[in-house]
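Scroll down for the structure; my scribbles are underneath it.
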Amino acid sequence: MAKINYWLMKSEPDVYGIEDLKKETETLWDGIRNYQARNFMRSMKINDQAFFYHSNCKPPGIVGMMKVEGVRLVDPTQFDSNSKYFDPKSSQKEPRWDCTKMSYIGKFEKGINLDQLKELYKPEDLQLVRKGNRLSIMPIKKETALELLQKLGNPIP
DNA sequence: GCCAACGTTGGC
DNA sequence: GCCAACGTTGGC
């Protein structure tokens with residue numbers, strides 16, 4: 001089996017939550033306008049897995065699991081002048097922003113919230129709990145990811 | 001709604 | 001290339 005990498009992707013449940021993904025089965029993870037996050041997205045591979053994190057809600061935390069279905073896709077919202085993600089500085093020839101296609105794997109029965117994650121992990125082991133961290137996409141160390149999956153149990157489709 | 005911690009922009 | 005001003009994220 002090919003080696004896969006693990007990631008964490010944040011979304012506000014009011015904007016796009018795990019229930020939306022469950023319903024749609026798959027989605028384009030667009031609207032990323034931060035270079036660091038974009039670069040992480042660019043290093044994703046098909047079949048990589050990502051923890052779905054609900055941010056800006058109470059309590060914030062990991063709620064489900066996704067799989068990468070497509071990589072380095074052009075983010076269509078950058079060319080849409082009606083979109084809040086419209087970027088006038090991007091060009092069709094050299095699109096500045098791209099995105100991945102993610103599919104729904106499942107939801108964790110209990111999930112794990114930020115407080116618990118802070119208790120369990122140091123910033124070195126989980127970037128998410130680093131103070132002032134605002135990155136919406138980040139890699140998760142394999143050890144940490146596997147341990148989390150153990151704790152969380154199987155995602156429920 | 002506040003604000004800390006960034007990231008980005010633009011003048012110089 | 002510096003840095004002040006501004007905007008955004010996201011926890012609280």
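By order in the structure tokens, chains are A, B, ...; within a chain, residues start at 1; ligands start at 1, following the order shown.
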Non-local contacts of region 67-82 of chain A (6 Å; only C-alpha atoms (C1' of nucleotides); under 2 positions in same chain excluded) as a count of residues only:
16
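Using only C-alpha atoms (C1' of nucleotides), we find that the part of chain A lying within 9 Å of chain C comprises Ser55, Asn56, Cys57, Pro60, Asn133, Arg134, Leu135 and Ser136 of chain A.
Residue neighbourhood of Leu117 (chain A), excluding near-sequence residues (fewer than 2 positions): Tyr53, Pro59, Pro60, Gly61, Ile62, Gly111, Ile112, Asn113, Leu114, Asp115, Glu119, Leu120, Tyr121, Lys122, Pro123, Asp125, Leu126, Gln127, Leu128, Val129, Arg130, Thr144, Ala145, Glu147, Leu148, Lys151 and Leu152 of chain A, at 12 Å, using only C-alpha atoms (C1' of nucleotides).
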Which of region 26-134 of chain A counts as strand (DSSP E) under DSSP, as a ChimeraX atom specification please?
/A:26-29,49-54,61-74,98-113
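Of the residues listed (A:Pro155, A:Glu124, A:Met41, A:Trp7), A:Trp7 shows the shortest atom-to-atom separation from Lys142 (chain A); distances use only C-alpha atoms.
Taking CA of Ile137 (chain A) and CA of Leu8 (chain A) as endpoints, the distance between them is 5.7 Å.
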Check the DSSP output for the backbone and give back, as number ranges by chain, the residues of region 65-138 of chain A in alpha helix (DSSP H).
A: 114-120
Write the residues you've just listed into a file as a compact mmCIF listing (two decimals), in the first residue's frame, and include C-alpha atoms for each of them.
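The new file result_38.txt reads:
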# COMPACT_ATOMS: atom_id res chain seq x y z
CA LEU A 114 -9.38 21.85 20.95
CA ASP A 115 -9.14 21.77 24.74
CA GLN A 116 -8.58 18.03 24.69
CA LEU A 117 -6.06 18.33 21.89
CA LYS A 118 -4.16 20.93 23.89
CA GLU A 119 -4.03 18.57 26.84
CA LEU A 120 -2.82 15.67 24.73
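The coordinates place CA of Gly17 (chain A) at 27.7 Å from CA of Ser90 (chain A).
Straight-line separation from CA of Glu143 (chain A) to CA of Trp29 (chain A): 25.2 Å.
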Applying 9 Å and only C-alpha atoms (C1' of nucleotides), which residues near Glu109 (chain A) remain after dropping the ones on its own chain fewer than 3 positions away? List them as number ranges by chain.
A: 63-64, 152-156
